[in-house]
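Shown here: upload_19.tsv, TSV, C-alpha atoms.
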chain	number	residue	atom	x	y	z
A	4	MET	CA	272.65	153.96	150.12
A	5	LYS	CA	269.33	152.60	151.34
A	6	LYS	CA	268.16	156.14	152.10
A	7	LEU	CA	268.97	157.26	148.57
A	8	PHE	CA	267.13	154.26	147.16
A	9	LEU	CA	264.08	154.95	149.31
A	10	LEU	CA	264.16	158.62	148.32
A	11	ALA	CA	264.31	157.68	144.62
A	12	CYS	CA	261.37	155.31	145.08
A	13	LEU	CA	259.40	158.02	146.86
A	14	LEU	CA	260.07	160.53	144.08
A	15	ALA	CA	259.01	157.97	141.47
A	16	VAL	CA	255.74	157.30	143.31
A	17	VAL	CA	255.00	161.02	143.70
A	18	THR	CA	255.74	161.64	140.02
A	19	ALA	CA	253.55	158.72	138.95
A	20	THR	CA	250.61	159.88	141.06
A	21	LYS	CA	250.75	163.34	139.53
A	22	ALA	CA	251.40	162.19	135.97
A	23	GLN	CA	248.55	162.36	133.51
A	24	TRP	CA	247.81	162.10	129.82
A	25	ARG	CA	246.12	164.69	127.66
A	26	ALA	CA	245.10	164.83	124.01
A	27	GLY	CA	243.71	167.54	121.78
A	28	VAL	CA	243.54	169.37	118.47
A	29	THR	CA	245.38	172.42	117.13
A	30	LEU	CA	244.48	175.06	114.57
A	31	GLY	CA	246.21	178.25	113.44
A	32	GLY	CA	248.23	180.16	110.88
A	33	ALA	CA	251.85	179.85	109.72
A	34	TRP	CA	254.05	182.58	108.22
A	35	ASN	CA	256.98	181.18	106.27
A	36	HIS	CA	260.30	182.81	105.34
A	37	TYR	CA	262.17	181.19	102.45
A	38	SER	CA	265.90	181.89	102.47
A	39	ILE	CA	268.12	181.23	99.45
A	40	ASP	CA	271.63	182.14	98.31
A	41	LYS	CA	270.78	183.85	95.01
A	42	HIS	CA	274.40	184.00	93.78
A	43	TYR	CA	274.19	185.88	90.46
A	44	MET	CA	270.35	185.89	90.28
A	45	THR	CA	270.03	189.40	91.69
A	46	ASP	CA	266.74	190.11	89.90
A	47	TRP	CA	264.95	187.32	91.81
A	48	HIS	CA	263.21	188.26	95.07
A	49	TYR	CA	261.46	186.21	97.75
A	50	GLU	CA	258.85	187.19	100.31
A	51	GLY	CA	257.15	185.35	103.14
A	52	ARG	CA	253.55	184.22	102.89
A	53	TRP	CA	250.88	183.08	105.35
A	54	GLY	CA	249.39	179.60	105.33
A	55	TRP	CA	247.44	177.40	107.70
A	56	THR	CA	248.31	174.68	110.19
A	57	LEU	CA	246.11	172.05	111.86
A	58	GLY	CA	246.71	168.80	113.66
A	59	LEU	CA	246.49	166.47	116.63
A	60	THR	CA	248.48	166.82	119.84
A	61	GLY	CA	249.27	164.57	122.79
A	62	GLN	CA	251.07	165.30	126.03
A	63	TYR	CA	252.25	163.35	129.07
A	64	ASP	CA	252.60	165.47	132.21
A	65	PHE	CA	255.19	164.09	134.61
A	66	ASN	CA	254.30	166.75	137.18
A	67	ASN	CA	252.98	170.33	137.26
A	68	TRP	CA	256.05	171.80	135.50
A	69	LEU	CA	257.50	169.12	133.17
A	70	ALA	CA	255.90	167.22	130.30
A	71	VAL	CA	256.71	165.64	126.95
A	72	ARG	CA	254.58	166.64	123.96
A	73	ALA	CA	254.19	165.31	120.42
A	74	ASP	CA	252.13	166.80	117.59
A	75	LEU	CA	251.12	165.48	114.21
A	76	ASN	CA	250.18	168.37	111.96
A	77	LEU	CA	249.62	169.51	108.41
A	78	SER	CA	251.26	172.87	107.77
A	79	GLN	CA	251.77	175.14	104.81
A	80	LYS	CA	255.17	176.69	104.09
A	81	ASN	CA	254.39	179.25	101.41
A	82	HIS	CA	256.39	182.03	99.76
A	83	ARG	CA	256.20	184.57	96.97
A	84	GLN	CA	258.79	184.64	94.17
A	85	TYR	CA	259.08	187.49	91.67
A	86	ARG	CA	261.54	189.22	89.34
A	87	THR	CA	262.45	192.83	88.67
A	88	GLY	CA	263.84	194.51	85.58
A	89	MET	CA	262.95	193.31	82.09
A	90	LEU	CA	261.14	190.21	83.40
A	91	ALA	CA	259.09	191.98	86.06
A	92	ASP	CA	255.92	190.24	84.85
A	93	THR	CA	257.12	187.03	86.53
A	94	ASP	CA	255.37	186.98	89.91
A	95	TYR	CA	253.88	183.90	91.56
A	96	ASP	CA	253.09	182.29	94.92
A	97	THR	CA	254.23	178.80	95.87
A	98	HIS	CA	252.05	176.82	98.28
A	99	ASN	CA	253.81	173.89	99.96
A	100	ASN	CA	252.04	171.35	102.19
A	101	TYR	CA	254.06	169.51	104.84
A	102	LEU	CA	253.23	166.67	107.23
A	103	GLN	CA	255.21	167.28	110.45
A	104	LEU	CA	255.92	165.47	113.71
A	105	PRO	CA	257.38	167.74	116.43
A	106	VAL	CA	258.53	166.12	119.70
A	107	MET	CA	259.16	168.57	122.54
A	108	ALA	CA	259.88	168.92	126.23
A	109	SER	CA	257.28	171.25	127.75
A	110	PHE	CA	258.12	173.40	130.79
A	111	SER	CA	255.24	175.08	132.65
A	112	PHE	CA	255.24	177.94	135.14
A	113	GLY	CA	252.53	179.85	136.98
A	114	GLY	CA	249.29	178.94	138.73
A	115	SER	CA	247.03	175.91	138.55
A	116	LYS	CA	244.39	177.49	136.30
A	117	VAL	CA	246.42	179.95	134.23
A	118	LYS	CA	250.04	179.13	133.42
A	119	GLY	CA	252.72	179.86	130.88
A	120	PHE	CA	254.71	177.20	129.08
A	121	LEU	CA	257.85	176.80	126.99
A	122	ASN	CA	258.27	174.05	124.39
A	123	LEU	CA	261.70	172.98	123.07
A	124	GLY	CA	262.51	170.08	120.78
A	125	VAL	CA	263.05	168.74	117.27
A	126	TYR	CA	260.79	167.88	114.36
A	127	GLY	CA	260.71	165.74	111.27
A	128	GLY	CA	258.57	166.39	108.23
A	129	TYR	CA	257.65	165.35	104.71
A	130	TRP	CA	256.96	167.67	101.77
A	131	MET	CA	253.64	166.32	100.51
A	132	SER	CA	252.65	168.62	97.66
A	133	SER	CA	253.39	171.94	95.99
A	134	ARG	CA	251.33	174.31	93.85
A	135	ILE	CA	252.17	177.55	92.04
A	136	LYS	CA	249.82	180.36	91.08
A	137	GLY	CA	250.71	183.59	89.28
A	138	SER	CA	252.29	184.82	86.05
A	139	PHE	CA	255.43	183.92	84.07
A	140	HIS	CA	257.31	185.96	81.48
A	141	ASN	CA	258.75	183.67	78.82
A	142	ILE	CA	262.17	185.01	77.80
A	143	PHE	CA	262.05	183.22	74.41
A	144	SER	CA	258.60	184.22	73.19
A	145	ASP	CA	258.35	187.41	75.28
A	146	ALA	CA	254.83	186.29	76.26
A	147	VAL	CA	253.28	186.43	79.73
A	148	SER	CA	251.15	183.47	80.79
A	149	GLU	CA	249.00	182.82	83.85
A	150	VAL	CA	249.53	179.56	85.74
A	151	ASP	CA	247.67	177.73	88.50
A	152	GLU	CA	248.93	174.17	88.70
A	153	SER	CA	250.51	171.49	90.85
A	154	VAL	CA	254.28	171.07	90.73
A	155	ASP	CA	255.76	167.69	89.82
A	156	PHE	CA	258.59	166.74	92.14
A	157	ASN	CA	262.02	165.94	90.73
A	158	SER	CA	263.81	163.22	92.70
A	159	ASP	CA	267.22	164.55	91.63
A	160	ARG	CA	266.44	168.10	92.69
A	161	ASP	CA	263.81	168.18	95.44
A	162	GLN	CA	264.51	167.15	99.03
A	163	ARG	CA	261.13	166.08	100.35
A	164	MET	CA	262.29	165.01	103.82
A	165	ASP	CA	262.54	167.86	106.31
A	166	SER	CA	263.94	168.19	109.83
A	167	GLY	CA	265.03	170.86	112.24
A	168	LEU	CA	264.59	172.54	115.60
A	169	ILE	CA	261.40	173.85	117.18
A	170	GLY	CA	260.67	176.23	120.04
A	171	GLY	CA	257.44	177.74	121.30
A	172	ILE	CA	255.99	179.85	124.08
A	173	GLY	CA	252.37	180.20	125.13
A	174	VAL	CA	249.67	180.43	127.77
A	175	GLU	CA	247.25	177.77	129.03
A	176	TYR	CA	243.91	178.19	130.76
A	177	GLN	CA	242.36	175.12	132.44
A	178	PHE	CA	238.70	176.12	132.51
A	179	CYS	CA	237.39	172.92	134.17
A	180	ASN	CA	238.67	169.63	135.61
A	181	HIS	CA	239.23	167.85	132.30
A	182	TRP	CA	239.52	170.64	129.73
A	183	ALA	CA	242.21	173.22	128.95
A	184	ALA	CA	242.82	175.72	126.16
A	185	GLN	CA	246.16	177.04	124.89
A	186	VAL	CA	247.48	179.76	122.61
A	187	GLU	CA	251.05	179.40	121.38
A	188	SER	CA	253.63	181.04	119.14
A	189	ARG	CA	256.25	178.63	117.82
A	190	CYS	CA	259.15	178.63	115.39
A	191	TYR	CA	260.16	175.78	113.07
A	192	TYR	CA	263.79	176.28	112.06
A	193	SER	CA	264.62	173.87	109.23
A	194	THR	CA	268.18	172.52	109.03
A	195	THR	CA	267.44	170.63	105.79
A	196	SER	CA	267.61	172.31	102.41
A	197	THR	CA	264.57	171.90	100.15
A	198	GLN	CA	266.96	171.43	97.24
A	199	LYS	CA	269.58	168.70	96.90
A	200	ASP	CA	273.19	169.30	95.83
A	201	TYR	CA	272.52	168.16	92.29
A	202	MET	CA	274.46	170.96	90.55
A	203	GLN	CA	278.09	172.02	90.74
A	204	LEU	CA	276.98	175.38	92.13
A	205	LYS	CA	275.61	174.87	95.64
A	206	ASP	CA	272.10	176.25	95.99
A	207	PRO	CA	270.71	175.48	99.49
A	208	ARG	CA	267.22	176.74	100.36
A	209	TYR	CA	265.66	176.74	103.83
A	210	ASN	CA	262.26	177.34	105.41
A	211	THR	CA	261.81	179.15	108.71
A	212	THR	CA	258.17	179.08	109.82
A	213	ILE	CA	256.46	181.06	112.58
A	214	GLY	CA	253.24	179.46	113.73
A	215	LEU	CA	250.43	181.09	115.72
A	216	GLN	CA	248.02	178.44	116.92
A	217	ALA	CA	245.34	177.55	119.44
A	218	ALA	CA	244.81	174.15	121.04
A	219	ILE	CA	242.13	172.53	123.13
A	220	TYR	CA	243.00	169.59	125.37
A	221	TYR	CA	241.08	166.88	127.14
A	222	ILE	CA	242.92	165.91	130.34
A	223	PHE	CA	242.43	162.28	131.40

Would you encode the structure as structure tokens?
Amino acid sequence: MKKLFLLACLLAVVTATKAQWRAGVTLGGAWNHYSIDKHYMTDWHYEGRWGWTLGLTGQYDFNNWLAVRADLNLSQKNHRQYRTGMLADTDYDTHNNYLQLPVMASFSFGGSKVKGFLNLGVYGGYWMSSRIKGSFHNIFSDAVSEVDESVDFNSDRDQRMDSGLIGGIGVEYQFCNHWAAQVESRCYYSTTSTQKDYMQLKDPRYNTTIGLQAAIYYIF
């Protein structure tokens, strides 16, 4: 029993001596896929759109292969929405801005200067704002109008809180003692519908976002 206790203490000391903090900034692009059960609305179509992502990142390295990482970022989750048939003039882009907080376990592999890493975790987010830009075909007046305006949220309809799973893979290059650069591809898989169950007919809508980003870290 004493040997196990001493071994545990030794491992804790070794881990503590190798542990270190790092902090940095991230910048990149985000391609979003908006999935929806259209039911009878077969003339509506949805396409993914690119947006941007930027934020702050912090990481605590327990050792050379295991760390915990948290980001605070602003990301866009955009999509295109258009109709076919008689109302084909309806075609607009929706730009959605989210504040997100991913928390991940980070697993590293490779050398001391160049290494790969895998991030797995969960995230929470908040839908901050939305804007639409494009054209609408009014079915009553048969007129087509151009729009470029912010969307007012409806508390009965819109679910502004977001959450889900996140995974990423990337490469890091530590180019000097206290600085490192990363490139990463990550996926945000939302498990929260952007629309509440406010109608008798269920109409869940989900975002799945692929991010391509770069980060630069200062290692303390």

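Among the candidates A:Trp55, A:Asp46, A:Asp96, A:Gln62, the residue lying nearest to Ala22 in chain A is A:Gln62 (atoms considered: all atoms listed in the file).
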
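Proximity ranking of A:Lys199, A:Lys205, A:His181, A:His98 relative to Ser153 in chain A places A:His98 first, based on all atoms listed in the file.
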
Can you tell me which residues surround range 117-127 of chain A at a distance of at most 8 Å, considering all atoms listed in the file, apart from same-chain residues fewer than 4 positions away, and format the answer as a compact mmCIF listing (two decimals) with C-alpha atoms, in the coordinates of the input?
# COMPACT_ATOMS: atom_id res chain seq x y z
CA GLN A 103 255.21 167.28 110.45
CA LEU A 104 255.92 165.47 113.71
CA PRO A 105 257.38 167.74 116.43
CA VAL A 106 258.53 166.12 119.70
CA MET A 107 259.16 168.57 122.54
CA ALA A 108 259.88 168.92 126.23
CA SER A 109 257.28 171.25 127.75
CA PHE A 110 258.12 173.40 130.79
CA SER A 111 255.24 175.08 132.65
CA PHE A 112 255.24 177.94 135.14
CA GLY A 113 252.53 179.85 136.98
CA MET A 164 262.29 165.01 103.82
CA ASP A 165 262.54 167.86 106.31
CA SER A 166 263.94 168.19 109.83
CA GLY A 167 265.03 170.86 112.24
CA LEU A 168 264.59 172.54 115.60
CA ILE A 169 261.40 173.85 117.18
CA GLY A 170 260.67 176.23 120.04
CA GLY A 171 257.44 177.74 121.30
CA ILE A 172 255.99 179.85 124.08
CA GLY A 173 252.37 180.20 125.13
CA VAL A 174 249.67 180.43 127.77
CA GLU A 175 247.25 177.77 129.03
CA TYR A 176 243.91 178.19 130.76
CA GLN A 177 242.36 175.12 132.44

Can you report as JSON the centre and edge lengths in Å, to one decimal, of an axis-aligned box around the listed atoms of range 186-205 of chain A padded with 6 Å on each side?
{"center_x": 262.8, "center_y": 174.6, "center_z": 106.6, "size_x": 42.6, "size_y": 24.9, "size_z": 44.1}

| What gap, in Å, lies between CA of Gly61 in chain A and CA of Ser78 in chain A? | 17.3 Å

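Residues in contact range of range 213-223 of chain A, defined as at most 7 Å between all atoms listed in the file, with sequence neighbours fewer than 5 positions away removed, read Gln23, Trp24, Arg25, Ala26, Gly27, Val28, Thr29, Leu30, Gly31, Gly32, Ala33, Trp34, Asn35, His181, Trp182, Ala183, Ala184, Gln185, Val186, Glu187, Ser188, Arg189, Cys190 and Tyr191 of chain A.
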
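Picture a line from CA of Asn76 in chain A to CA of Leu57 in chain A; it runs 5.5 Å.
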
| query | Can you find the residues with an atom no farther than 8 Å from (251.8, 191.2, 84.3), counting all atoms listed in the file, and report them as a list in words? | reply | Ala91, Asp92, Thr93, Asp94, Ser138 and Val147 of chain A

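The coordinates place CA of Asn99 in chain A at 20.3 Å from CA of Lys41 in chain A.
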
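With only C-alpha atoms as the atoms that count, the residue of A:Asp206, A:Asp161, A:Asp145, A:Asp151 with the shortest distance to Leu90 in chain A is A:Asp145.
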
| request: Might you pull out every residue within 7 Å of range 36-38 of chain A, with only C-alpha atoms counted and same-chain residues fewer than 6 positions away left off, and present them as number ranges by chain? | output: A: 49-51, 82, 208-212

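You can rank A:Gln198, A:Thr87, A:Asn141, A:Asn66 by their closest distance to Thr45 in chain A using only C-alpha atoms, and at the top of that list sits A:Thr87.
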
| remark: Judged by only C-alpha atoms, the minimum distance to Trp53 in chain A among A:Ser158, A:Asn67, A:Ser115, A:Gln79 is found for A:Gln79

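Distances from A:Asp74, A:Asp159, A:Trp130, A:Asn180 to Gly58 in chain A were compared using all atoms listed in the file, and the smallest one belongs to A:Asp74.
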
Taking N, CA, C and O atoms as the atom set, what does range 150-163 of chain A look like once completed, written as a compact mmCIF listing (two decimals), keeping the file's coordinate frame?
# COMPACT_ATOMS: atom_id res chain seq x y z
N VAL A 150 249.45 180.97 85.36
CA VAL A 150 249.53 179.56 85.74
C VAL A 150 248.84 179.35 87.09
O VAL A 150 248.82 180.23 87.94
N ASP A 151 248.25 178.18 87.24
CA ASP A 151 247.67 177.73 88.50
C ASP A 151 247.67 176.21 88.45
O ASP A 151 246.71 175.59 87.99
N GLU A 152 248.76 175.60 88.90
CA GLU A 152 248.93 174.17 88.70
C GLU A 152 249.81 173.55 89.77
O GLU A 152 250.59 174.23 90.45
N SER A 153 249.67 172.25 89.93
CA SER A 153 250.51 171.49 90.85
C SER A 153 251.91 171.33 90.27
O SER A 153 252.09 171.29 89.05
N VAL A 154 252.89 171.23 91.14
CA VAL A 154 254.28 171.07 90.73
C VAL A 154 254.66 169.61 90.83
O VAL A 154 254.43 168.96 91.86
N ASP A 155 255.24 169.06 89.79
CA ASP A 155 255.76 167.69 89.82
C ASP A 155 257.13 167.69 90.48
O ASP A 155 258.01 168.46 90.10
N PHE A 156 257.31 166.81 91.45
CA PHE A 156 258.59 166.74 92.14
C PHE A 156 259.63 166.05 91.27
O PHE A 156 259.32 165.12 90.51
N ASN A 157 260.88 166.51 91.42
CA ASN A 157 262.02 165.94 90.73
C ASN A 157 262.90 165.27 91.77
O ASN A 157 263.43 165.93 92.66
N SER A 158 263.07 163.96 91.67
CA SER A 158 263.81 163.22 92.70
C SER A 158 265.29 163.60 92.75
O SER A 158 265.95 163.43 93.77
N ASP A 159 265.82 164.11 91.64
CA ASP A 159 267.22 164.55 91.63
C ASP A 159 267.40 165.92 92.26
O ASP A 159 268.47 166.24 92.77
N ARG A 160 266.35 166.72 92.23
CA ARG A 160 266.44 168.10 92.69
C ARG A 160 265.81 168.34 94.06
O ARG A 160 266.39 168.98 94.93
N ASP A 161 264.61 167.82 94.27
CA ASP A 161 263.81 168.18 95.44
C ASP A 161 264.09 167.27 96.63
O ASP A 161 264.05 166.04 96.51
N GLN A 162 264.34 167.88 97.77
CA GLN A 162 264.51 167.15 99.03
C GLN A 162 263.18 167.20 99.78
O GLN A 162 262.81 168.22 100.34
N ARG A 163 262.47 166.09 99.77
CA ARG A 163 261.13 166.08 100.35
C ARG A 163 261.12 165.79 101.84
O ARG A 163 260.13 166.08 102.52
